[in-house]
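**Q** Structure file query.tsv (TSV, C-alpha atoms) is given on the next line.
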```tsv
chain	number	residue	atom	x	y	z
Y	1	MET	CA	0.00	0.00	0.00
Y	2	PRO	CA	1.49	3.37	-1.00
Y	3	ALA	CA	2.39	5.87	1.69
Y	4	PRO	CA	-0.30	8.47	2.40
Y	5	PHE	CA	0.07	11.94	0.98
Y	6	ARG	CA	1.58	14.31	3.54
Y	7	ILE	CA	-0.50	17.46	4.07
Y	8	GLY	CA	0.29	20.71	5.90
Y	9	ILE	CA	-2.15	23.51	6.80
Y	10	VAL	CA	-1.69	27.23	7.43
Y	11	GLU	CA	-4.97	28.72	8.69
Y	12	ASP	CA	-5.70	31.26	11.41
Y	13	LEU	CA	-9.42	30.56	12.02
Y	14	PRO	CA	-10.02	27.74	14.55
Y	15	GLN	CA	-13.26	26.54	12.96
Y	16	VAL	CA	-11.62	26.27	9.52
Y	17	ARG	CA	-8.59	24.49	10.97
Y	18	GLN	CA	-10.98	22.01	12.62
Y	19	PHE	CA	-12.86	21.47	9.34
Y	20	LEU	CA	-9.65	20.87	7.40
Y	21	GLN	CA	-8.33	18.55	10.08
Y	22	GLN	CA	-11.51	16.47	10.07
Y	23	VAL	CA	-11.62	16.26	6.29
Y	24	ILE	CA	-7.98	15.25	5.84
Y	25	THR	CA	-7.88	12.76	8.71
Y	26	SER	CA	-11.00	11.08	7.29
Y	27	ALA	CA	-9.09	10.16	4.12
Y	28	LYS	CA	-7.07	6.93	4.23
Y	29	ASP	CA	-4.70	8.17	1.52
Y	30	MET	CA	-3.77	11.36	3.40
Y	31	GLU	CA	-1.80	12.19	6.52
Y	32	LEU	CA	-2.11	15.53	8.31
Y	33	VAL	CA	1.48	16.32	9.28
Y	34	CYS	CA	1.33	19.86	10.64
Y	35	ILE	CA	-0.98	22.80	11.30
Y	36	TYR	CA	0.13	26.42	11.68
Y	37	ARG	CA	-1.92	29.47	12.64
Y	38	SER	CA	0.11	32.10	10.79
Y	39	ALA	CA	2.74	32.55	8.12
Y	40	GLU	CA	5.23	33.59	10.78
Y	41	GLU	CA	4.63	30.36	12.70
Y	42	ALA	CA	4.82	28.29	9.53
Y	43	PHE	CA	8.03	29.66	8.05
Y	44	PRO	CA	10.63	28.24	8.07
Y	45	ALA	CA	9.44	25.25	10.15
Y	46	ILE	CA	7.11	23.94	7.44
Y	47	THR	CA	9.97	23.67	4.93
Y	48	GLU	CA	11.45	20.79	6.95
Y	49	GLN	CA	8.30	18.62	6.84
Y	50	GLN	CA	8.67	17.11	3.33
Y	51	LEU	CA	5.04	17.76	2.43
Y	52	ASP	CA	3.18	16.77	-0.70
Y	53	VAL	CA	0.57	19.52	-0.32
Y	54	VAL	CA	0.35	22.78	1.64
Y	55	ILE	CA	-3.11	24.28	2.08
Y	56	THR	CA	-3.04	27.95	3.05
Y	57	ASP	CA	-5.47	30.80	3.54
Y	58	ILE	CA	-4.77	34.16	1.92
Y	59	GLY	CA	-6.06	36.46	4.67
Y	60	LEU	CA	-3.62	35.45	7.38
Y	61	PRO	CA	-2.72	37.85	10.18
Y	62	GLY	CA	0.64	39.54	9.59
Y	63	ILE	CA	2.32	38.07	6.51
Y	64	THR	CA	-0.35	37.18	3.96
Y	65	GLY	CA	-0.82	33.76	2.42
Y	66	ILE	CA	0.32	35.13	-0.95
Y	67	ASP	CA	3.58	36.39	0.54
Y	68	LEU	CA	3.97	33.04	2.29
Y	69	LEU	CA	3.65	31.24	-1.05
Y	70	ARG	CA	6.44	33.40	-2.48
Y	71	LYS	CA	8.65	32.52	0.48
Y	72	LEU	CA	7.92	28.78	0.43
Y	73	LYS	CA	8.13	28.04	-3.29
Y	74	PRO	CA	11.94	28.18	-3.59
Y	75	PHE	CA	12.37	25.94	-0.52
Y	76	MET	CA	9.67	23.42	-1.49
Y	77	PRO	CA	9.85	22.99	-5.29
Y	78	ALA	CA	8.24	19.52	-5.23
Y	79	THR	CA	5.32	20.57	-3.00
Y	80	GLN	CA	1.89	21.46	-4.40
Y	81	PHE	CA	0.23	24.56	-2.96
Y	82	MET	CA	-3.51	25.06	-2.62
Y	83	VAL	CA	-5.15	28.31	-1.61
Y	84	PHE	CA	-8.25	27.80	0.55
Y	85	THR	CA	-9.97	31.12	1.07
Y	86	VAL	CA	-13.16	33.19	0.97
Y	87	HIS	CA	-11.65	35.62	-1.54
Y	88	ASP	CA	-12.36	35.14	-5.24
Y	89	ASP	CA	-11.64	38.64	-6.58
Y	90	ASP	CA	-9.43	39.03	-9.65
Y	91	ILE	CA	-6.47	40.58	-7.89
Y	92	ARG	CA	-6.08	37.91	-5.22
Y	93	VAL	CA	-6.70	35.04	-7.63
Y	94	PHE	CA	-4.01	36.12	-10.07
Y	95	GLU	CA	-1.56	37.22	-7.39
Y	96	ALA	CA	-1.88	33.81	-5.73
Y	97	LEU	CA	-1.28	31.98	-9.01
Y	98	LYS	CA	1.72	34.18	-9.79
Y	99	ALA	CA	3.08	33.54	-6.29
Y	100	GLY	CA	3.02	29.78	-6.83
Y	101	ALA	CA	-0.46	28.45	-6.04
Y	102	ASN	CA	-1.26	25.29	-8.00
Y	103	GLY	CA	-4.92	25.20	-6.94
Y	104	TYR	CA	-7.45	27.75	-5.67
Y	105	MET	CA	-10.54	26.63	-3.79
Y	106	LEU	CA	-13.10	28.61	-1.83
Y	107	LYS	CA	-14.10	27.89	1.75
Y	108	SER	CA	-17.64	27.28	0.55
Y	109	SER	CA	-16.35	24.01	-0.99
Y	110	THR	CA	-17.74	20.76	0.40
Y	111	ALA	CA	-15.53	18.20	2.13
Y	112	ILE	CA	-15.85	15.90	-0.88
Y	113	ALA	CA	-14.85	18.67	-3.29
Y	114	LEU	CA	-11.85	19.52	-1.14
Y	115	LEU	CA	-10.61	15.92	-1.03
Y	116	GLU	CA	-11.10	15.57	-4.77
Y	117	GLY	CA	-9.21	18.83	-5.24
Y	118	ILE	CA	-6.26	17.64	-3.15
Y	119	ARG	CA	-6.06	14.37	-5.10
Y	120	GLU	CA	-6.33	16.20	-8.41
Y	121	LEU	CA	-3.54	18.54	-7.32
Y	122	ILE	CA	-1.26	15.63	-6.46
Y	123	ASN	CA	-2.04	13.99	-9.82
Y	124	GLY	CA	-0.90	17.03	-11.76
Y	125	GLY	CA	-4.16	18.98	-12.06
Y	126	ALA	CA	-5.02	22.53	-11.06
Y	127	PRO	CA	-8.23	22.31	-9.00
Y	128	MET	CA	-10.26	25.48	-8.74
Y	129	SER	CA	-13.70	26.37	-7.52
Y	130	ALA	CA	-16.10	26.98	-10.41
Y	131	SER	CA	-16.33	30.75	-9.91
Y	132	VAL	CA	-12.54	31.07	-9.86
Y	133	ALA	CA	-12.14	29.02	-13.04
Y	134	ARG	CA	-14.79	31.19	-14.70
Y	135	ARG	CA	-12.86	34.33	-13.79
Y	136	LEU	CA	-9.75	32.93	-15.47
Y	137	VAL	CA	-11.68	32.02	-18.60
Y	138	ASP	CA	-13.34	35.45	-18.71
Y	139	HIS	CA	-9.93	37.10	-18.56
Y	140	LEU	CA	-8.71	34.99	-21.45
Y	141	ARG	CA	-11.60	36.11	-23.61
Y	142	PRO	CA	-12.21	39.64	-24.91
Y	143	ALA	CA	-15.18	41.58	-23.57
Y	144	PRO	CA	-18.14	41.94	-25.99
Y	145	GLY	CA	-17.44	44.64	-28.56
Y	146	GLN	CA	-13.72	44.66	-27.88
Y	147	ARG	CA	-11.14	43.56	-30.40
Y	148	GLU	CA	-9.72	40.18	-29.51
Y	149	PRO	CA	-6.16	40.47	-28.15
Y	150	GLU	CA	-3.53	39.45	-30.61
Y	151	HIS	CA	-1.77	36.16	-29.94
Y	152	GLU	CA	-0.26	35.76	-33.34
Y	153	ASP	CA	2.17	33.11	-32.14
Y	154	LEU	CA	-0.47	30.75	-30.71
Y	155	THR	CA	-2.54	28.50	-32.93
Y	156	ALA	CA	-6.27	28.06	-32.41
Y	157	ARG	CA	-5.58	24.61	-30.94
Y	158	GLU	CA	-3.02	26.04	-28.51
Y	159	ARG	CA	-5.47	28.73	-27.38
Y	160	GLY	CA	-8.08	26.02	-26.83
Y	161	VAL	CA	-5.66	23.95	-24.76
Y	162	LEU	CA	-4.74	27.03	-22.71
Y	163	ASP	CA	-8.44	27.77	-22.07
Y	164	LEU	CA	-8.98	24.25	-20.76
Y	165	LEU	CA	-5.80	24.43	-18.69
Y	166	ALA	CA	-7.16	27.60	-17.08
Y	167	GLN	CA	-10.29	25.70	-16.09
Y	168	GLY	CA	-8.14	23.24	-14.13
Y	169	LEU	CA	-8.52	20.25	-16.44
Y	170	LEU	CA	-5.95	17.46	-16.29
Y	171	TYR	CA	-3.92	16.60	-19.38
Y	172	LYS	CA	-6.01	13.46	-19.96
Y	173	GLU	CA	-9.21	15.52	-19.67
Y	174	ILE	CA	-7.90	18.08	-22.17
Y	175	ALA	CA	-6.94	15.25	-24.50
Y	176	ALA	CA	-10.46	13.79	-24.30
Y	177	ARG	CA	-12.11	17.19	-24.79
Y	178	GLU	CA	-9.93	18.08	-27.78
Y	179	GLY	CA	-9.88	14.59	-29.28
Y	180	ILE	CA	-6.09	14.31	-29.17
Y	181	SER	CA	-3.56	12.18	-27.29
Y	182	ILE	CA	-2.01	13.13	-23.95
Y	183	SER	CA	1.41	13.34	-25.61
Y	184	THR	CA	-0.02	15.83	-28.12
Y	185	VAL	CA	-1.43	17.91	-25.25
Y	186	LYS	CA	2.04	17.99	-23.70
Y	187	GLN	CA	3.53	19.04	-27.04
Y	188	HIS	CA	1.02	21.89	-27.32
Y	189	ILE	CA	1.75	23.05	-23.76
Y	190	HIS	CA	5.50	22.91	-24.40
Y	191	SER	CA	4.95	24.98	-27.56
Y	192	ILE	CA	2.79	27.48	-25.60
Y	193	TYR	CA	5.47	27.94	-22.95
Y	194	LYS	CA	8.12	28.42	-25.63
Y	195	LYS	CA	6.09	30.95	-27.65
Y	196	LEU	CA	5.08	32.97	-24.59
Y	197	HIS	CA	8.58	32.72	-23.09
Y	198	VAL	CA	7.35	31.34	-19.77
Y	199	GLY	CA	8.26	28.38	-17.61
Y	200	SER	CA	5.02	27.56	-15.81
Y	201	LYS	CA	1.27	27.30	-16.25
Y	202	GLU	CA	0.66	30.32	-14.03
Y	203	GLU	CA	3.04	32.52	-16.05
Y	204	ALA	CA	1.48	31.33	-19.30
Y	205	LEU	CA	-2.04	32.20	-18.16
Y	206	GLU	CA	-1.02	35.60	-16.86
Y	207	LYS	CA	0.94	36.52	-19.97
Y	208	TYR	CA	-1.77	35.24	-22.31
Y	209	ARG	CA	-4.36	37.28	-20.39
Y	210	SER	CA	-2.37	40.52	-20.48
Y	211	ARG	CA	-1.29	40.49	-24.11
```
Please render this file's structure as structure tokens.
**A**
Amino acid sequence: MPAPFRIGIVEDLPQVRQFLQQVITSAKDMELVCIYRSAEEAFPAITEQQLDVVITDIGLPGITGIDLLRKLKPFMPATQFMVFTVHDDDIRVFEALKAGANGYMLKSSTAIALLEGIRELINGGAPMSASVARRLVDHLRPAPGQREPEHEDLTARERGVLDLLAQGLLYKEIAAREGISISTVKQHIHSIYKKLHVGSKEEALEKYRSR
């Protein structure tokens, strides 16, 4: 039997910490390793825990969750980071993704959705609450009456793959949706990164949105 996924939490609200603790400890394939109440308490101690996933709030007292992500990412390159918050405004969503968040879920999510999101994150996906995914898609599309932004380097297929990536779909799901193989999806994503001169999904989405 494979070892359980090691999870760490950074959350200041007691009731949310209790919810997360109950959800994670209920899953046989997960192990709750550590819980911190603030970014200051978490860093640098959390970097020594060898975690698969860190779940953090954004609105932490003192150092924010976004600033914590920026601090942790260089020390924990193999760890997946999920934002778990009440905030779904454009600024926080994109700042969190730029800072290193791999997933973004709202505190209105059910326990089942949260567990599915954690597993998807570990399997290479980018889980996001529906309203957050919609915001990303809306930013990738021009507003009615506006001229579509120029992305002369990206093909129509590459733009379609990037749209689906923004919605949090896994490579195999993108392949099924587009009617192509997973290896072809990877080739398209590699081409997207190269054309946009980026090295990550978050950078690709941000640059594609702003062009």
**Q** Within 9 Å of (0.9, 19.2, 10.1) (coordinates as in the file), grab all the protein and nucleic acid residues, counting only C-alpha atoms, and write them out as a PyMOL selection string.
**A** chain Y and resi 6-10+31-36+46+49+51
**Q** Now that the selection is made, can you save its residues with C-alpha atoms as an mmCIF file, keeping the file's coordinate frame?
**A**
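Output saved as again_7.cif:
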```cif
data_model
loop_
_atom_site.group_PDB
_atom_site.id
_atom_site.type_symbol
_atom_site.label_atom_id
_atom_site.label_comp_id
_atom_site.auth_asym_id
_atom_site.auth_seq_id
_atom_site.Cartn_x
_atom_site.Cartn_y
_atom_site.Cartn_z
ATOM 1 C CA ARG Y 6 1.580 14.310 3.540
ATOM 2 C CA ILE Y 7 -0.500 17.460 4.070
ATOM 3 C CA GLY Y 8 0.290 20.710 5.900
ATOM 4 C CA ILE Y 9 -2.150 23.510 6.800
ATOM 5 C CA VAL Y 10 -1.690 27.230 7.430
ATOM 6 C CA GLU Y 31 -1.800 12.190 6.520
ATOM 7 C CA LEU Y 32 -2.110 15.530 8.310
ATOM 8 C CA VAL Y 33 1.480 16.320 9.280
ATOM 9 C CA CYS Y 34 1.330 19.860 10.640
ATOM 10 C CA ILE Y 35 -0.980 22.800 11.300
ATOM 11 C CA TYR Y 36 0.130 26.420 11.680
ATOM 12 C CA ILE Y 46 7.110 23.940 7.440
ATOM 13 C CA GLN Y 49 8.300 18.620 6.840
ATOM 14 C CA LEU Y 51 5.040 17.760 2.430
#
```
**Q** I need every residue sitting at most 7 Å from the point (0.1, 8.7, 1.6) (coordinates as in the file, all atoms listed in the file considered), written as an mmCIF file with C-alpha atoms, keeping the file's coordinate frame.
**A**
```
data_model
loop_
_atom_site.group_PDB
_atom_site.id
_atom_site.type_symbol
_atom_site.label_atom_id
_atom_site.label_comp_id
_atom_site.auth_asym_id
_atom_site.auth_seq_id
_atom_site.Cartn_x
_atom_site.Cartn_y
_atom_site.Cartn_z
ATOM 1 C CA PRO Y 2 1.490 3.370 -1.000
ATOM 2 C CA ALA Y 3 2.390 5.870 1.690
ATOM 3 C CA PRO Y 4 -0.300 8.470 2.400
ATOM 4 C CA PHE Y 5 0.070 11.940 0.980
ATOM 5 C CA ARG Y 6 1.580 14.310 3.540
ATOM 6 C CA ASP Y 29 -4.700 8.170 1.520
ATOM 7 C CA MET Y 30 -3.770 11.360 3.400
ATOM 8 C CA GLU Y 31 -1.800 12.190 6.520
#
```
**Q** Which residue out of Y:Val53, Y:Met1, Y:Ala42, Y:Ala78 has the minimum interatomic distance to Lys28 in chain Y when all atoms listed in the file are used?
**A** Y:Met1
**Q** Any idea what's packed within 9 Å of Ile122 in chain Y, counting all atoms listed in the file, ignoring anything in its chain fewer than 3 positions away? Could you give it as a PyMOL selection string?
**A** chain Y and resi 5+52-53+79-80+117-119+125
**Q** Deliver the residues from the most recent selection as a file, using C-alpha atoms, as a tab-separated table (two decimals), keeping the file's coordinate frame.
**A**
```tsv
chain	number	residue	atom	x	y	z
Y	5	PHE	CA	0.07	11.94	0.98
Y	52	ASP	CA	3.18	16.77	-0.70
Y	53	VAL	CA	0.57	19.52	-0.32
Y	79	THR	CA	5.32	20.57	-3.00
Y	80	GLN	CA	1.89	21.46	-4.40
Y	117	GLY	CA	-9.21	18.83	-5.24
Y	118	ILE	CA	-6.26	17.64	-3.15
Y	119	ARG	CA	-6.06	14.37	-5.10
Y	125	GLY	CA	-4.16	18.98	-12.06
```
**Q** Go through Y:Asp153, Y:Glu206, Y:Glu120, Y:Asp88 one by one, measure the shortest atom-to-atom distance of each to Lys172 in chain Y using all atoms listed in the file, and give the residue with the smallest value.
**A**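 Of all the options, Y:Glu120 lies closest to Lys172 in chain Y.
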**Q** Calculated over all atoms listed in the file, which of the candidates Y:Phe19, Y:Tyr171, Y:Tyr104, Y:Tyr193 has the smallest distance to Tyr208 in chain Y?
**A**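 Nearest candidate to Tyr208 in chain Y out of Y:Phe19, Y:Tyr171, Y:Tyr104, Y:Tyr193: Y:Tyr193.
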**Q** Between CA of Glu203 in chain Y and CA of Pro74 in chain Y, what is the distance, to one decimal in Å?
**A**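 Interatomic distance, CA of Glu203 in chain Y to CA of Pro74 in chain Y: 15.9 Å.
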**Q** From the options Y:Leu97, Y:Ile55, Y:Ala39, Y:Ala166, which residue's atoms come nearest to Arg17 in chain Y, counting all atoms listed in the file?
**A**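 Ranked by minimum distance to Arg17 in chain Y, first place goes to Y:Ile55.
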**Q** Hey, what's within 10 Å of Arg135 in chain Y if we count all atoms listed in the file and toss same-chain stuff fewer than 3 positions away? As number ranges by chain, please?
**A** Y: 88-90, 93-94, 130-132, 138-140, 166-167
**Q** To one decimal in Å, tell me the separation between CA of Leu68 in chain Y and CA of Ile91 in chain Y.
**A**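 Calculated distance between CA of Leu68 in chain Y and CA of Ile91 in chain Y is 16.4 Å.
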